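Text of run.cif, listed as mmCIF, C-alpha atoms and all ligand atoms:
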```
data_data
#
loop_
_atom_site.label_atom_id
_atom_site.label_comp_id
_atom_site.auth_asym_id
_atom_site.auth_seq_id
_atom_site.Cartn_x
_atom_site.Cartn_y
_atom_site.Cartn_z
CA MET A 1 53.14 40.78 -62.22
CA ILE A 2 54.97 41.46 -65.51
CA GLU A 3 56.64 44.71 -66.44
CA VAL A 4 58.40 45.35 -69.72
CA LYS A 5 60.48 48.47 -70.32
CA ASN A 6 62.09 49.69 -73.54
CA LEU A 7 62.29 46.14 -74.76
CA SER A 8 63.71 45.47 -78.23
CA LYS A 9 64.25 42.26 -80.13
CA LYS A 10 66.20 41.63 -83.30
CA PHE A 11 67.13 38.39 -84.99
CA GLY A 12 70.38 39.40 -86.66
CA GLN A 13 69.47 42.44 -88.76
CA GLN A 14 65.75 41.71 -88.62
CA LEU A 15 63.86 43.93 -86.20
CA VAL A 16 60.93 42.22 -84.48
CA PHE A 17 59.92 45.02 -82.10
CA GLU A 18 61.55 48.10 -80.68
CA ASN A 19 61.32 50.06 -77.41
CA VAL A 20 58.22 48.34 -76.21
CA ASN A 21 56.62 49.20 -72.86
CA PHE A 22 53.72 47.51 -71.12
CA SER A 23 52.74 45.86 -67.87
CA ILE A 24 50.36 43.09 -66.92
CA ASN A 25 48.69 42.92 -63.53
CA GLU A 26 47.96 39.86 -61.48
CA GLY A 27 44.65 38.26 -62.42
CA GLU A 28 44.34 39.90 -65.84
CA PHE A 29 43.19 38.00 -68.92
CA VAL A 30 45.02 39.66 -71.79
CA SER A 31 45.04 38.76 -75.46
CA LEU A 32 48.08 39.18 -77.67
CA VAL A 33 46.99 39.93 -81.20
CA GLY A 34 48.71 40.90 -84.43
CA PRO A 35 49.70 39.55 -87.83
CA ASN A 36 51.84 36.48 -88.49
CA GLY A 37 55.46 37.20 -87.78
CA SER A 38 54.80 40.26 -85.60
CA GLY A 39 56.61 38.72 -82.63
CA LYS A 40 53.94 37.29 -80.32
CA THR A 41 55.58 33.91 -79.81
CA THR A 42 58.98 35.56 -79.58
CA LEU A 43 57.77 37.85 -76.81
CA ILE A 44 56.39 35.07 -74.67
CA LYS A 45 59.54 33.00 -75.17
CA MET A 46 61.44 36.04 -73.89
CA LEU A 47 59.12 36.26 -70.86
CA MET A 48 59.90 32.63 -70.10
CA GLY A 49 63.64 33.10 -70.56
CA LEU A 50 63.77 30.85 -73.62
CA GLU A 51 64.81 33.64 -75.98
CA LYS A 52 67.33 36.44 -75.39
CA LYS A 53 66.33 40.08 -75.44
CA THR A 54 68.33 42.50 -77.58
CA SER A 55 67.91 45.37 -75.12
CA GLY A 56 65.58 46.62 -72.42
CA GLU A 57 64.09 45.16 -69.26
CA ILE A 58 61.70 42.39 -68.35
CA LYS A 59 60.55 42.24 -64.74
CA ILE A 60 58.53 39.26 -63.75
CA ASN A 61 57.37 38.21 -60.32
CA LYS A 62 60.04 35.69 -59.33
CA SER A 63 57.77 33.31 -57.53
CA SER A 64 55.53 32.98 -60.56
CA GLU A 65 55.29 29.49 -61.92
CA ILE A 66 54.43 29.77 -65.62
CA GLY A 67 52.23 27.26 -67.39
CA TYR A 68 52.75 27.26 -71.14
CA VAL A 69 50.66 25.73 -73.88
CA PRO A 70 52.87 26.00 -76.98
CA GLN A 71 51.78 26.88 -80.49
CA PHE A 72 52.90 23.83 -82.43
CA ARG A 73 52.15 20.39 -81.16
CA ASN A 74 53.20 17.75 -83.61
CA ILE A 75 52.90 14.40 -81.94
CA ASP A 76 53.74 11.16 -83.74
CA LEU A 77 51.01 8.57 -84.00
CA ASP A 78 53.22 6.13 -82.10
CA TYR A 79 54.09 8.60 -79.31
CA PRO A 80 54.59 6.26 -76.36
CA LEU A 81 52.68 8.02 -73.57
CA ASP A 82 49.00 7.97 -72.83
CA ILE A 83 47.25 11.19 -71.84
CA LYS A 84 47.58 10.61 -68.11
CA ASN A 85 51.33 9.97 -68.30
CA PHE A 86 51.83 12.89 -70.62
CA VAL A 87 50.13 15.24 -68.16
CA THR A 88 52.27 13.96 -65.28
CA LEU A 89 55.52 14.61 -67.16
CA ASN A 90 55.48 18.04 -65.54
CA GLN A 91 54.96 16.63 -62.06
CA LYS A 92 58.00 16.15 -59.89
CA PHE A 93 58.52 12.56 -58.83
CA SER A 94 58.71 11.98 -55.10
CA PHE A 95 59.81 9.03 -52.96
CA LEU A 96 57.41 10.16 -50.23
CA LYS A 97 54.17 8.26 -50.29
CA SER A 98 52.22 11.22 -48.91
CA GLN A 99 53.57 13.43 -51.68
CA ARG A 100 52.77 10.82 -54.31
CA ASP A 101 49.22 10.58 -53.00
CA GLN A 102 48.93 14.34 -53.22
CA ASN A 103 50.26 14.28 -56.78
CA LYS A 104 47.73 11.67 -57.71
CA ALA A 105 44.86 13.65 -56.25
CA LYS A 106 46.10 16.72 -58.09
CA LEU A 107 46.29 14.78 -61.36
CA ASN A 108 42.76 13.48 -60.98
CA ASN A 109 41.52 16.94 -60.20
CA ILE A 110 43.19 18.44 -63.29
CA LEU A 111 42.00 15.59 -65.55
CA ASN A 112 38.52 16.19 -64.27
CA LYS A 113 38.70 19.95 -64.81
CA THR A 114 39.95 19.52 -68.36
CA HIS A 115 37.35 16.83 -69.15
CA LEU A 116 40.02 14.20 -69.73
CA THR A 117 39.11 11.69 -67.04
CA ASP A 118 37.51 9.25 -69.45
CA LEU A 119 40.30 9.73 -72.00
CA GLN A 120 43.27 9.39 -69.68
CA SER A 121 44.37 5.99 -70.98
CA ARG A 122 44.27 6.96 -74.64
CA PRO A 123 47.69 7.14 -76.32
CA LEU A 124 48.34 10.83 -76.96
CA GLY A 125 49.34 10.16 -80.57
CA LEU A 126 45.86 8.77 -81.28
CA ALA A 127 43.95 11.58 -79.56
CA SER A 128 42.11 14.16 -81.67
CA GLY A 129 43.48 17.67 -82.11
CA GLY A 130 41.18 19.08 -79.44
CA GLU A 131 41.99 16.27 -77.02
CA LYS A 132 45.70 16.86 -77.51
CA GLN A 133 45.20 20.52 -76.74
CA LYS A 134 43.32 19.70 -73.56
CA ALA A 135 46.20 17.41 -72.60
CA TYR A 136 48.67 20.25 -73.12
CA LEU A 137 46.49 22.53 -71.03
CA ALA A 138 46.28 19.93 -68.27
CA GLN A 139 50.05 19.51 -68.36
CA ALA A 140 50.50 23.27 -68.07
CA LEU A 141 48.14 23.39 -65.07
CA ILE A 142 49.64 20.55 -63.07
CA ASN A 143 52.11 22.75 -61.17
CA ASP A 144 49.58 25.40 -60.14
CA PRO A 145 50.90 28.16 -62.37
CA LYS A 146 50.35 31.81 -61.44
CA ILE A 147 50.65 32.75 -65.10
CA LEU A 148 49.16 30.72 -67.92
CA ILE A 149 50.30 31.39 -71.48
CA LEU A 150 48.28 29.98 -74.35
CA ASP A 151 49.80 30.32 -77.80
CA GLU A 152 46.98 29.92 -80.33
CA SER A 153 45.90 26.91 -78.42
CA THR A 154 42.44 26.96 -79.92
CA ALA A 155 43.49 27.34 -83.55
CA SER A 156 42.62 23.94 -84.96
CA MET A 157 39.73 23.07 -82.67
CA ASP A 158 36.10 22.90 -83.56
CA VAL A 159 33.90 25.60 -82.12
CA ASP A 160 32.43 23.64 -79.19
CA VAL A 161 35.78 22.37 -77.94
CA LYS A 162 37.28 25.82 -78.38
CA TYR A 163 34.69 27.49 -76.19
CA GLN A 164 34.77 24.66 -73.66
CA LEU A 165 38.50 25.13 -73.25
CA MET A 166 38.27 28.90 -73.08
CA ASP A 167 35.44 28.70 -70.53
CA LEU A 168 37.66 26.53 -68.41
CA VAL A 169 40.58 28.95 -68.69
CA SER A 170 38.25 31.82 -67.88
CA GLU A 171 37.00 29.99 -64.79
CA LEU A 172 40.58 29.42 -63.60
CA ASN A 173 41.30 33.06 -64.22
CA LYS A 174 38.35 34.16 -62.10
CA LYS A 175 38.39 31.55 -59.33
CA GLU A 176 42.11 31.07 -58.87
CA ASN A 177 43.22 34.47 -60.06
CA ILE A 178 45.60 32.99 -62.61
CA THR A 179 46.96 35.63 -64.95
CA VAL A 180 46.30 34.58 -68.54
CA LEU A 181 48.15 35.67 -71.68
CA PHE A 182 46.24 34.44 -74.68
CA ILE A 183 47.80 34.67 -78.13
CA THR A 184 45.12 34.47 -80.76
CA HIS A 185 44.01 35.27 -84.29
CA ASP A 186 40.38 34.81 -83.32
CA TYR A 187 38.34 38.00 -83.14
CA ASP A 188 35.34 36.45 -81.37
CA LEU A 189 37.43 34.84 -78.64
CA THR A 190 39.32 38.05 -78.06
CA LYS A 191 36.06 39.94 -77.62
CA LYS A 192 34.42 37.31 -75.48
CA TYR A 193 37.15 36.48 -73.02
CA THR A 194 39.61 39.34 -72.73
CA ASN A 195 39.32 42.96 -71.62
CA ARG A 196 42.59 44.22 -72.84
CA ALA A 197 44.74 43.36 -75.80
CA LEU A 198 48.37 43.86 -76.57
CA LEU A 199 48.39 44.78 -80.21
CA PHE A 200 51.52 43.84 -82.17
CA GLU A 201 51.87 46.19 -85.12
CA ASN A 202 54.65 47.98 -87.01
CA HIS A 203 57.34 46.75 -84.60
CA GLN A 204 55.38 48.15 -81.66
CA ILE A 205 53.24 46.58 -78.96
CA ASN A 206 50.39 48.75 -77.74
CA SER A 207 47.89 48.09 -75.01
CA VAL A 208 44.33 48.63 -76.24
CA ASP A 209 40.86 48.23 -74.81
CA VAL A 210 39.22 45.22 -76.46
CA LYS A 211 36.13 47.36 -77.11
CA SER A 212 38.14 49.41 -79.56
CA ILE A 213 39.28 46.40 -81.56
CA SER A 214 37.67 45.81 -84.93
CA GLU A 215 37.40 42.62 -86.91
CA ASP A 216 39.63 43.86 -89.72
CA MET A 217 42.60 43.89 -87.34
CA PHE A 218 42.44 40.10 -87.64
CA GLU A 219 43.47 38.31 -90.79
N1 LIG B 1 64.97 31.73 -83.87
C1 LIG B 1 64.70 32.62 -84.83
N2 LIG B 1 65.66 33.03 -85.68
C2 LIG B 1 65.42 33.95 -86.63
N3 LIG B 1 64.22 34.52 -86.81
C3 LIG B 1 63.22 34.17 -86.01
C4 LIG B 1 63.39 33.19 -84.98
N4 LIG B 1 62.22 33.03 -84.33
C5 LIG B 1 61.35 33.86 -84.93
N5 LIG B 1 61.95 34.55 -85.94
C6 LIG B 1 61.31 35.56 -86.78
O1 LIG B 1 60.81 36.59 -85.94
C7 LIG B 1 59.56 37.08 -86.41
C8 LIG B 1 58.51 36.92 -85.32
O2 LIG B 1 58.16 35.55 -85.19
P1 LIG B 1 57.09 35.02 -84.16
O3 LIG B 1 57.09 33.54 -84.23
O4 LIG B 1 57.33 35.65 -82.85
O5 LIG B 1 55.74 35.61 -84.79
P2 LIG B 1 54.25 35.44 -84.30
O6 LIG B 1 53.71 36.82 -84.05
O7 LIG B 1 54.19 34.45 -83.22
O8 LIG B 1 53.55 34.87 -85.64
P3 LIG B 1 52.34 33.80 -85.83
O9 LIG B 1 51.08 34.57 -85.61
O10 LIG B 1 52.50 33.37 -87.24
O11 LIG B 1 52.55 32.70 -84.84
C9 LIG B 1 59.27 36.29 -87.67
O12 LIG B 1 59.68 37.05 -88.78
C10 LIG B 1 60.11 35.04 -87.53
O13 LIG B 1 60.48 34.51 -88.76
MG MG B 2 53.38 32.56 -82.99
#
```
Kindly present the structure from the file in structure tokens form.
Ligand SMILES: Nc1ncnc2c1ncn2[C@@H]1O[C@H](COP(=O)(O)OP(=O)(O)OP(=O)(O)O)[C@@H](O)[C@H]1O
Ligand SMILES: [Mg+2]
Amino acid sequence: MIEVKNLSKKFGQQLVFENVNFSINEGEFVSLVGPNGSGKTTLIKMLMGLEKKTSGEIKINKSSEIGYVPQFRNIDLDYPLDIKNFVTLNQKFSFLKSQRDQNKAKLNNILNKTHLTDLQSRPLGLASGGEKQKAYLAQALINDPKILILDESTASMDVDVKYQLMDLVSELNKKENITVLFITHDYDLTKKYTNRALLFENHQINSVDVKSISEDMFE
């Protein structure tokens, strides 16, 4: 699904990582772990074509729709959209009634899956942190992605909401075979949900079995 060969990234003189090699198979649930500034967000931006590589190769299944839940989500209190409209921003508008009906059914299905049905009319700016994150997840899911990338999406959530969201992602991973890349600083979540981790360290990215990961690798 994703293959990276001899990939290097520099910002000016600053080396982020060098000669990195790894691949990710369809249906995997992989965590990306490593200290602040080690290049996790930069790597996924490169996978999505939002950031240039310095050298090397990135091969990614062309037909793969990518759903992305970004790391920073500052939303003004007076943000004009409610949750439902925010989620549908990613949906393509159609003049065909049949297509619009399909879109609507899809939306309702996603709102239901992400436990947002009862909250759909709430202005996004007034939603809690966890609710906002669910809305971002729903927005990422609306186009049936083959790859879902979560960048620390659970960071500011309370424990229950965090596990609820991760359970949902795990279910999508298993039932719909969505490949998940999960960037996290959370040791327990890494252990619970992922089998393999890409460890960002000393300008390298190494694939490790989650069993071999210890808590002191997390800050
Ligand atoms: N556009 C940019 N221009 C210059 N430097 C950048 C840019 N984007 C990121 N960097 C630098 O590249 C390094 C990697 O940043 P990145 O955001 O990928 O880290 P990260 O692993 O996601 O960290 P965190 O865990 O804190 O989110 C950092 O030193 C950062 O300051
Ligand atoms: Mg980051």
What's the 8 Å shell around segment 173-175 of chain A, counting only C-alpha atoms, without same-chain residues fewer than 6 positions away, as an NGL selection string? :A and (27-29)
Within 10 Å of Lys84 of chain A, counting all atoms listed in the file, which residues qualify if same-chain residues fewer than 2 places away don't, as a list in words? Leu81, Asp82, Phe86, Val87, Thr88, Leu89, Leu107, Asn108, Leu111, Leu116, Thr117, Leu119, Gln120, Ser121, Arg122, Pro123, Leu124, Ala135, Ala138 and Gln139 of chain A
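In this structure, atom CA of Thr114 of chain A sits 11.2 Å away from atom CA of Ala140 of chain A.
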Kindly provide, as a ChimeraX atom specification, all nucleotide and amino acid residues lying within 12 Å of ligand MG 2 (chain B), counting all atoms listed in the file. /A:32-45,69-72,149-153,155,182-185,200
For the residues in the current selection, export C-alpha atoms as a short mmCIF file (atom, residue, chain, number, x, y, z; two decimals), in the frame of the given file.
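Below is the file result_36.cif, written as the result:
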```cif
data_model
loop_
_atom_site.label_atom_id
_atom_site.label_comp_id
_atom_site.auth_asym_id
_atom_site.auth_seq_id
_atom_site.Cartn_x
_atom_site.Cartn_y
_atom_site.Cartn_z
CA LEU A 32 48.08 39.18 -77.67
CA VAL A 33 46.99 39.93 -81.20
CA GLY A 34 48.71 40.90 -84.43
CA PRO A 35 49.70 39.55 -87.83
CA ASN A 36 51.84 36.48 -88.49
CA GLY A 37 55.46 37.20 -87.78
CA SER A 38 54.80 40.26 -85.60
CA GLY A 39 56.61 38.72 -82.63
CA LYS A 40 53.94 37.29 -80.32
CA THR A 41 55.58 33.91 -79.81
CA THR A 42 58.98 35.56 -79.58
CA LEU A 43 57.77 37.85 -76.81
CA ILE A 44 56.39 35.07 -74.67
CA LYS A 45 59.54 33.00 -75.17
CA VAL A 69 50.66 25.73 -73.88
CA PRO A 70 52.87 26.00 -76.98
CA GLN A 71 51.78 26.88 -80.49
CA PHE A 72 52.90 23.83 -82.43
CA ILE A 149 50.30 31.39 -71.48
CA LEU A 150 48.28 29.98 -74.35
CA ASP A 151 49.80 30.32 -77.80
CA GLU A 152 46.98 29.92 -80.33
CA SER A 153 45.90 26.91 -78.42
CA ALA A 155 43.49 27.34 -83.55
CA PHE A 182 46.24 34.44 -74.68
CA ILE A 183 47.80 34.67 -78.13
CA THR A 184 45.12 34.47 -80.76
CA HIS A 185 44.01 35.27 -84.29
CA PHE A 200 51.52 43.84 -82.17
#
```
Specify the axis-aligned box that encloses all atoms of segment 118-125 of chain A listed in the file after padding of 8 Å on each side, stating its centre and edge lengths in Å to one decimal as JSON.
```
{"center_x": 43.4, "center_y": 8.4, "center_z": -75.0, "size_x": 27.8, "size_y": 20.8, "size_z": 27.1}
```
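Proximity of A:Lys162, A:Lys146, A:Lys53, A:Lys106 to Glu18 of chain A, computed with only C-alpha atoms, is greatest for A:Lys53.
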Selection: 6 Å around Val20 of chain A, all atoms listed in the file, excl. self and same-chain fewer than 3 positions, as a list in words: Asn6, Leu7 and Ile205 of chain A
Separation of atom CA of Asn195 of chain A and atom C5 of ligand LIG 1 (chain B), in Å? 27.3 Å
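If you measure from each of A:Lys113, A:Lys5, A:Arg196, A:Lys211 to Val169 of chain A using all atoms listed in the file, the closest one turns out to be A:Lys113.
Atom CA of Phe11 of chain A to atom C3 of ligand LIG 1 (chain B) spans 5.8 Å [interatomic distance, one decimal].
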Counting all atoms listed in the file, figure out which residue out of A:Asn109, A:Thr194, A:Ser128, A:Ser98 gets nearest to Thr179 of chain A. A:Thr194
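When the distance limit is 10 Å and only C-alpha atoms are what count, the residues near Val161 of chain A, minus those fewer than 6 positions from it on the same chain, are Gly129, Gly130, Glu131, Gln133, Lys134, Thr154 and Asp167 of chain A.
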For Ile24 of chain A, find every residue with an atom within 9 Å (counting only C-alpha atoms), except residues of its own chain fewer than 6 positions away, and show them as a PyMOL selection string. chain A and resi 1-4+30+179
Here is a test: counting only C-alpha atoms, which residue of A:Asn25, A:Asn103, A:Ser8, A:Ser207 is nearest to Asn61 of chain A? A:Asn25
I need segment 79-113 of chain A written out with C-alpha atoms, as a PDB file, in the first residue's frame; please produce it.
```pdb
ATOM      1  CA  TYR A  79     -16.933  29.317  13.508  1.00  0.00           C
ATOM      2  CA  PRO A  80     -19.999  29.437  11.267  1.00  0.00           C
ATOM      3  CA  LEU A  81     -20.673  25.750  10.575  1.00  0.00           C
ATOM      4  CA  ASP A  82     -22.470  23.232  12.701  1.00  0.00           C
ATOM      5  CA  ILE A  83     -21.068  19.725  13.029  1.00  0.00           C
ATOM      6  CA  LYS A  84     -23.176  18.259  10.246  1.00  0.00           C
ATOM      7  CA  ASN A  85     -22.161  20.942   7.745  1.00  0.00           C
ATOM      8  CA  PHE A  86     -18.552  20.702   8.786  1.00  0.00           C
ATOM      9  CA  VAL A  87     -18.517  16.957   8.129  1.00  0.00           C
ATOM     10  CA  THR A  88     -20.089  17.435   4.686  1.00  0.00           C
ATOM     11  CA  LEU A  89     -17.426  19.950   3.618  1.00  0.00           C
ATOM     12  CA  ASN A  90     -15.504  16.971   2.270  1.00  0.00           C
ATOM     13  CA  GLN A  91     -18.476  15.649   0.330  1.00  0.00           C
ATOM     14  CA  LYS A  92     -18.731  16.547  -3.325  1.00  0.00           C
ATOM     15  CA  PHE A  93     -21.871  18.459  -4.165  1.00  0.00           C
ATOM     16  CA  SER A  94     -24.043  16.911  -6.854  1.00  0.00           C
ATOM     17  CA  PHE A  95     -26.975  18.197  -8.914  1.00  0.00           C
ATOM     18  CA  LEU A  96     -28.296  14.638  -9.172  1.00  0.00           C
ATOM     19  CA  LYS A  97     -31.013  13.935  -6.670  1.00  0.00           C
ATOM     20  CA  SER A  98     -30.080  10.254  -6.446  1.00  0.00           C
ATOM     21  CA  GLN A  99     -26.496  11.196  -5.652  1.00  0.00           C
ATOM     22  CA  ARG A 100     -27.612  13.726  -3.063  1.00  0.00           C
ATOM     23  CA  ASP A 101     -29.790  11.095  -1.413  1.00  0.00           C
ATOM     24  CA  GLN A 102     -26.822   8.757  -1.325  1.00  0.00           C
ATOM     25  CA  ASN A 103     -24.658  11.488   0.200  1.00  0.00           C
ATOM     26  CA  LYS A 104     -27.249  12.101   2.841  1.00  0.00           C
ATOM     27  CA  ALA A 105     -27.477   8.432   3.740  1.00  0.00           C
ATOM     28  CA  LYS A 106     -23.696   8.287   3.906  1.00  0.00           C
ATOM     29  CA  LEU A 107     -23.603  11.336   6.182  1.00  0.00           C
ATOM     30  CA  ASN A 108     -26.160   9.864   8.541  1.00  0.00           C
ATOM     31  CA  ASN A 109     -24.271   6.609   8.636  1.00  0.00           C
ATOM     32  CA  ILE A 110     -20.971   8.349   9.478  1.00  0.00           C
ATOM     33  CA  LEU A 111     -22.606  10.596  12.104  1.00  0.00           C
ATOM     34  CA  ASN A 112     -24.069   7.507  13.670  1.00  0.00           C
ATOM     35  CA  LYS A 113     -20.772   5.625  13.644  1.00  0.00           C
TER      36      LYS A 113
END
```
